[in-house]
2 protein chains.
Amino acid sequence: MSDANPSAKTGPLYLDDLHVGQRFVGGSQRVEADAIKQFARQFDPQPFHLGEEGGRQSMFGGLVASGWHTGAISMRLMVEAVPIAGGLIGASGEIRWTKPVRPGDTLHVESEIVEVRPSRSHPERGLVAVRSETRNQAGELVEILVAHLVVPRRPA
Amino acid sequence: MSDANPSAKTGPLYLDDLHVGQRFVGGSQRVEADAIKQFARQFDPQPFHLGEEGGRQSMFGGLVASGWHTGAISMRLMVEAVPIAGGLIGASGEIRWTKPVRPGDTLHVESEIVEVRPSRSHPERGLVAVRSETRNQAGELVEILVAHLVVPRRPA
């Protein structure tokens, strides 16, 4: 864990500052029933995201958060923890939802650089793959995201 | 296009009702600057999602929507258009953001079944891969999502 959050010392990180195995530990966020329902009404209006009764009648047995909500909360925690120069700009991602997020869960994210690849066509930048695990308060994995980010090289 | 939205006639669709090549055409949604900023404040607080000035100073040259916001809007359009029995329950997905979404863009989603696979371990269900393309009002592709959904078999 000694390699976590090196940015606390070094400021925004360019492609040149990143290496495979580098880790970032984010904060945590509690997910309330009201937030689950509000997100669902706006973006994912399915009975098991909209209310307790719809959840009970579903395969989940209770209210659960939209996977997009879990993804968005995880993004918030990553934005605060991973200080890439120019921001976290995703070109693509692979996401797995491994366990439902339920009201009262507290989510936590840890991220690790798994690939650093300078661009051939754009020498001023590169692609960085970041694997982020989102866990609940019991340490259970709820989401795995591998995001492919566009990251600038340090200006000469 | 004659195969689009067969559900209008057949109601909720079970695994047995789905086949590769089946298509679903969703509605559309206009993305306003205020909605982009509100989503950003909650889930993706980066300068190019939070306001016009931060956008102008970024590689985007203007305010753009969070990729998670584009994903969530696309989910909304899919939920309304793809009537899978039991709901759209994603186990995993691969997402590509191919072009930024800007204020005033109107998004539209079309989905196609690309794989139908009965489960060996759970005979009462299967996995269905759905490829969804999100386009703006100019027909430009802004997002491609391949979602792997858990879908029940029709009860005997």
# chains A, B, ... in the order shown; residues from 1 in each chain; ligands from 1
call {"tool": "select_by_dssp", "arguments": {"residues": "range 27-155 of chain B", "states": "helix (DSSP H, G or I)", "output": "ChimeraX atom specification"}}
result
/B:33-43,47-50,52-56,67-81
call {"tool": "residues_around", "arguments": {"residues": "Ala72 in chain A", "least_positions_apart": "5", "cutoff": "10 Å", "atoms": "only C-alpha atoms", "output": "ChimeraX atom specification"}}
result
/A:66-67,77-78 /B:39-40,42-44,66-69,71-72
call {"tool": "write_last_selection", "arguments": {"atoms": "C-alpha atoms", "output": "short mmCIF file (atom, residue, chain, number, x, y, z; two decimals), in the first residue's frame"}}
result
data_model
loop_
_atom_site.label_atom_id
_atom_site.label_comp_id
_atom_site.auth_asym_id
_atom_site.auth_seq_id
_atom_site.Cartn_x
_atom_site.Cartn_y
_atom_site.Cartn_z
CA SER A 66 -29.03 0.56 -10.88
CA GLY A 67 -25.70 -0.69 -12.17
CA LEU A 77 -14.78 8.25 -5.95
CA MET A 78 -12.18 7.73 -8.72
CA PHE B 39 -24.97 15.06 -13.30
CA ALA B 40 -21.34 16.21 -13.18
CA GLN B 42 -23.12 14.61 -8.38
CA PHE B 43 -21.02 11.96 -10.12
CA ASP B 44 -18.23 13.31 -12.33
CA SER B 66 -19.91 12.67 -18.60
CA GLY B 67 -19.66 9.29 -20.32
CA TRP B 68 -21.62 7.89 -17.36
CA HIS B 69 -24.38 10.39 -18.09
CA GLY B 71 -24.59 5.68 -20.53
CA ALA B 72 -27.40 6.41 -18.09
#
call {"tool": "residues_around", "arguments": {"residues": "range 130-141 of chain B", "least_positions_apart": "2", "cutoff": "7 Å", "atoms": "only C-alpha atoms", "output": "list in words"}}
result
Ser74, Thr98, Lys99, Asp105, Thr106, Leu107, His108, Val109, Glu110, Ser111, Glu112, Ile113, Val114, Val128, Glu143, Ile144, Leu145, Val146, Ala147 and His148 of chain B
call {"tool": "closest_atom_pairs", "arguments": {"of": "chain A", "to": "chain B", "cutoff": "7 Å", "atoms": "only C-alpha atoms", "output": "CSV"}}
result
residue,atom,partner,partner_atom,distance
A:Phe43,CA,B:Arg76,CA,4.7
A:Asp44,CA,B:Arg76,CA,5.3
A:Gln46,CA,B:Gly87,CA,6.8
A:Trp68,CA,B:Ala72,CA,6.0
A:Ala72,CA,B:Phe43,CA,5.4
A:Ile73,CA,B:Phe43,CA,5.9
A:Met75,CA,B:Asp44,CA,6.3
A:Arg76,CA,B:Phe43,CA,4.7
A:Val79,CA,B:Asp44,CA,6.7
A:Gly87,CA,B:Gln46,CA,6.8
A:Ala91,CA,B:Trp97,CA,5.5
A:Ser92,CA,B:Arg96,CA,4.1
A:Gly93,CA,B:Ile95,CA,5.3
A:Glu94,CA,B:Glu94,CA,4.4
A:Ile95,CA,B:Gly93,CA,5.3
A:Arg96,CA,B:Ser92,CA,4.2
A:Trp97,CA,B:Ala91,CA,5.5
call {"tool": "write_last_selection", "arguments": {"atoms": "N, CA, C and O atoms", "output": "tab-separated table (two decimals), in the first residue's frame"}}
result
chain	number	residue	atom	x	y	z
A	43	PHE	N	-33.09	7.57	-14.73
A	43	PHE	CA	-32.28	6.86	-15.73
A	43	PHE	C	-32.57	5.36	-15.88
A	43	PHE	O	-32.17	4.77	-16.87
A	44	ASP	N	-33.19	4.75	-14.90
A	44	ASP	CA	-33.32	3.28	-14.97
A	44	ASP	C	-34.60	2.86	-14.24
A	44	ASP	O	-34.57	2.20	-13.20
A	46	GLN	N	-36.91	0.80	-13.45
A	46	GLN	CA	-37.36	-0.58	-13.35
A	46	GLN	C	-37.80	-0.82	-11.90
A	46	GLN	O	-37.23	-0.24	-10.97
A	68	TRP	N	-25.82	1.43	-13.36
A	68	TRP	CA	-25.30	2.72	-13.82
A	68	TRP	C	-25.09	3.66	-12.65
A	68	TRP	O	-24.21	4.53	-12.69
A	72	ALA	N	-21.62	5.27	-11.60
A	72	ALA	CA	-21.46	6.72	-11.46
A	72	ALA	C	-20.88	7.08	-10.09
A	72	ALA	O	-20.02	7.96	-9.98
A	73	ILE	N	-21.33	6.39	-9.04
A	73	ILE	CA	-20.76	6.63	-7.71
A	73	ILE	C	-19.28	6.25	-7.70
A	73	ILE	O	-18.43	6.97	-7.16
A	75	MET	N	-17.30	6.31	-10.22
A	75	MET	CA	-16.59	7.35	-10.98
A	75	MET	C	-16.30	8.54	-10.06
A	75	MET	O	-15.18	9.06	-10.07
A	76	ARG	N	-17.29	8.96	-9.28
A	76	ARG	CA	-17.09	10.07	-8.35
A	76	ARG	C	-15.90	9.81	-7.42
A	76	ARG	O	-15.03	10.66	-7.20
A	79	VAL	N	-12.64	9.99	-9.48
A	79	VAL	CA	-12.26	11.37	-9.85
A	79	VAL	C	-11.54	12.04	-8.68
A	79	VAL	O	-10.56	12.76	-8.86
A	87	GLY	N	-7.51	15.30	-16.51
A	87	GLY	CA	-8.76	14.67	-16.07
A	87	GLY	C	-8.86	13.21	-16.46
A	87	GLY	O	-8.00	12.68	-17.16
A	91	ALA	N	-11.97	6.44	-23.00
A	91	ALA	CA	-12.29	6.09	-24.38
A	91	ALA	C	-13.21	4.87	-24.40
A	91	ALA	O	-14.07	4.75	-25.26
A	92	SER	N	-13.02	3.98	-23.44
A	92	SER	CA	-13.83	2.77	-23.39
A	92	SER	C	-13.68	2.12	-22.02
A	92	SER	O	-12.87	2.55	-21.19
A	93	GLY	N	-14.47	1.08	-21.79
A	93	GLY	CA	-14.38	0.39	-20.50
A	93	GLY	C	-15.08	-0.95	-20.56
A	93	GLY	O	-15.94	-1.19	-21.41
A	94	GLU	N	-14.63	-1.85	-19.68
A	94	GLU	CA	-15.33	-3.12	-19.49
A	94	GLU	C	-15.78	-3.14	-18.03
A	94	GLU	O	-14.98	-2.90	-17.12
A	95	ILE	N	-17.06	-3.43	-17.83
A	95	ILE	CA	-17.62	-3.35	-16.48
A	95	ILE	C	-18.29	-4.67	-16.13
A	95	ILE	O	-18.90	-5.32	-16.98
A	96	ARG	N	-18.12	-5.09	-14.88
A	96	ARG	CA	-18.84	-6.26	-14.39
A	96	ARG	C	-19.52	-5.89	-13.07
A	96	ARG	O	-18.90	-5.30	-12.18
A	97	TRP	N	-20.79	-6.24	-12.96
A	97	TRP	CA	-21.51	-6.03	-11.72
A	97	TRP	C	-21.60	-7.38	-11.02
A	97	TRP	O	-22.29	-8.29	-11.49
call {"tool": "residues_around", "arguments": {"residues": "range 101-103 of chain B", "least_positions_apart": "3", "cutoff": "9 Å", "atoms": "only C-alpha atoms", "output": "PyMOL selection string"}}
result
chain B and resi 30-36+62-67+70+106-107+136+142
call {"tool": "atom_distance", "arguments": {"atom1": "CA of Gln22 in chain B", "atom2": "CA of Arg120 in chain B"}}
result
23.1 Å
call {"tool": "select_by_dssp", "arguments": {"residues": "range 26-70 of chain A", "states": "strand (DSSP E or B)", "output": "ChimeraX atom specification"}}
result
/A:26-30
call {"tool": "atom_distance", "arguments": {"atom1": "CA of Leu13 in chain A", "atom2": "CA of Arg56 in chain B"}}
result
21.1 Å
call {"tool": "atom_distance", "arguments": {"atom1": "CA of Arg154 in chain A", "atom2": "CA of Gly11 in chain A"}}
result
12.2 Å
call {"tool": "closest_residue", "arguments": {"among": "A:Leu50, A:Ala156, A:Lys37, A:Arg125", "to": "Leu15 in chain A", "atoms": "only C-alpha atoms"}}
result
A:Arg125
call {"tool": "closest_residue", "arguments": {"among": "B:Pro100, B:Pro152, B:Pro12, B:Gly55", "to": "Arg117 in chain B", "atoms": "only C-alpha atoms"}}
result
B:Pro152
call {"tool": "decode", "arguments": {"residues": "range 50-61 of chain B", "atoms": "all heavy atoms", "output": "compact mmCIF listing (two decimals), in the first residue's frame"}}
result
# COMPACT_ATOMS: atom_id res chain seq x y z
N LEU B 50 -18.50 20.30 -15.80
CA LEU B 50 -19.14 21.18 -14.81
C LEU B 50 -19.57 22.52 -15.39
O LEU B 50 -20.49 23.15 -14.86
CB LEU B 50 -18.19 21.43 -13.63
CG LEU B 50 -17.98 20.26 -12.68
CD1 LEU B 50 -16.79 20.54 -11.76
CD2 LEU B 50 -19.24 19.97 -11.85
N GLY B 51 -18.90 22.97 -16.46
CA GLY B 51 -19.26 24.29 -16.99
C GLY B 51 -18.59 24.59 -18.31
O GLY B 51 -17.64 23.91 -18.72
N GLU B 52 -19.10 25.63 -18.97
CA GLU B 52 -18.62 26.01 -20.31
C GLU B 52 -17.15 26.41 -20.28
O GLU B 52 -16.38 26.03 -21.17
CB GLU B 52 -19.46 27.16 -20.87
CG GLU B 52 -20.84 26.76 -21.39
CD GLU B 52 -21.88 26.54 -20.27
OE1 GLU B 52 -21.55 26.80 -19.08
OE2 GLU B 52 -23.01 26.12 -20.58
N GLU B 53 -16.75 27.19 -19.27
CA GLU B 53 -15.38 27.70 -19.24
C GLU B 53 -14.38 26.55 -19.08
O GLU B 53 -13.37 26.48 -19.78
CB GLU B 53 -15.23 28.72 -18.09
CG GLU B 53 -13.89 29.41 -18.02
CD GLU B 53 -13.46 30.05 -19.34
OE1 GLU B 53 -14.33 30.51 -20.10
OE2 GLU B 53 -12.23 30.07 -19.63
N GLY B 54 -14.70 25.62 -18.18
CA GLY B 54 -13.84 24.45 -18.01
C GLY B 54 -13.77 23.62 -19.29
O GLY B 54 -12.74 23.04 -19.62
N GLY B 55 -14.88 23.57 -19.99
CA GLY B 55 -14.92 22.85 -21.27
C GLY B 55 -14.02 23.50 -22.31
O GLY B 55 -13.27 22.83 -23.01
N ARG B 56 -14.10 24.84 -22.39
CA ARG B 56 -13.30 25.56 -23.40
C ARG B 56 -11.81 25.34 -23.17
O ARG B 56 -11.04 25.26 -24.12
CB ARG B 56 -13.61 27.07 -23.34
CG ARG B 56 -14.79 27.47 -24.22
CD ARG B 56 -14.91 28.98 -24.38
NE ARG B 56 -15.29 29.64 -23.13
CZ ARG B 56 -16.55 29.80 -22.72
NH1 ARG B 56 -17.55 29.33 -23.45
NH2 ARG B 56 -16.81 30.41 -21.59
N GLN B 57 -11.42 25.22 -21.91
CA GLN B 57 -9.99 25.06 -21.61
C GLN B 57 -9.52 23.61 -21.72
O GLN B 57 -8.36 23.32 -21.48
CB GLN B 57 -9.70 25.60 -20.20
CG GLN B 57 -9.84 27.12 -20.12
CD GLN B 57 -9.68 27.63 -18.69
OE1 GLN B 57 -9.14 26.93 -17.83
NE2 GLN B 57 -10.15 28.83 -18.44
N SER B 58 -10.42 22.70 -22.06
CA SER B 58 -10.07 21.27 -22.12
C SER B 58 -9.85 20.84 -23.57
O SER B 58 -10.07 21.61 -24.51
CB SER B 58 -11.19 20.43 -21.52
OG SER B 58 -12.29 20.36 -22.42
N MET B 59 -9.46 19.58 -23.75
CA MET B 59 -9.29 19.03 -25.10
C MET B 59 -10.60 18.98 -25.88
O MET B 59 -10.61 18.80 -27.10
CB MET B 59 -8.66 17.63 -25.03
CG MET B 59 -9.51 16.60 -24.32
SD MET B 59 -8.77 14.91 -24.38
CE MET B 59 -9.27 14.35 -26.02
N PHE B 60 -11.75 19.14 -25.18
CA PHE B 60 -13.05 19.06 -25.85
C PHE B 60 -13.46 20.39 -26.49
O PHE B 60 -14.35 20.44 -27.33
CB PHE B 60 -14.13 18.61 -24.87
CG PHE B 60 -13.87 17.24 -24.27
CD1 PHE B 60 -13.58 17.09 -22.93
CD2 PHE B 60 -13.92 16.11 -25.08
CE1 PHE B 60 -13.33 15.83 -22.38
CE2 PHE B 60 -13.68 14.85 -24.54
CZ PHE B 60 -13.39 14.71 -23.19
N GLY B 61 -12.88 21.49 -26.00
CA GLY B 61 -13.21 22.80 -26.55
C GLY B 61 -14.57 23.32 -26.13
O GLY B 61 -15.05 24.33 -26.66
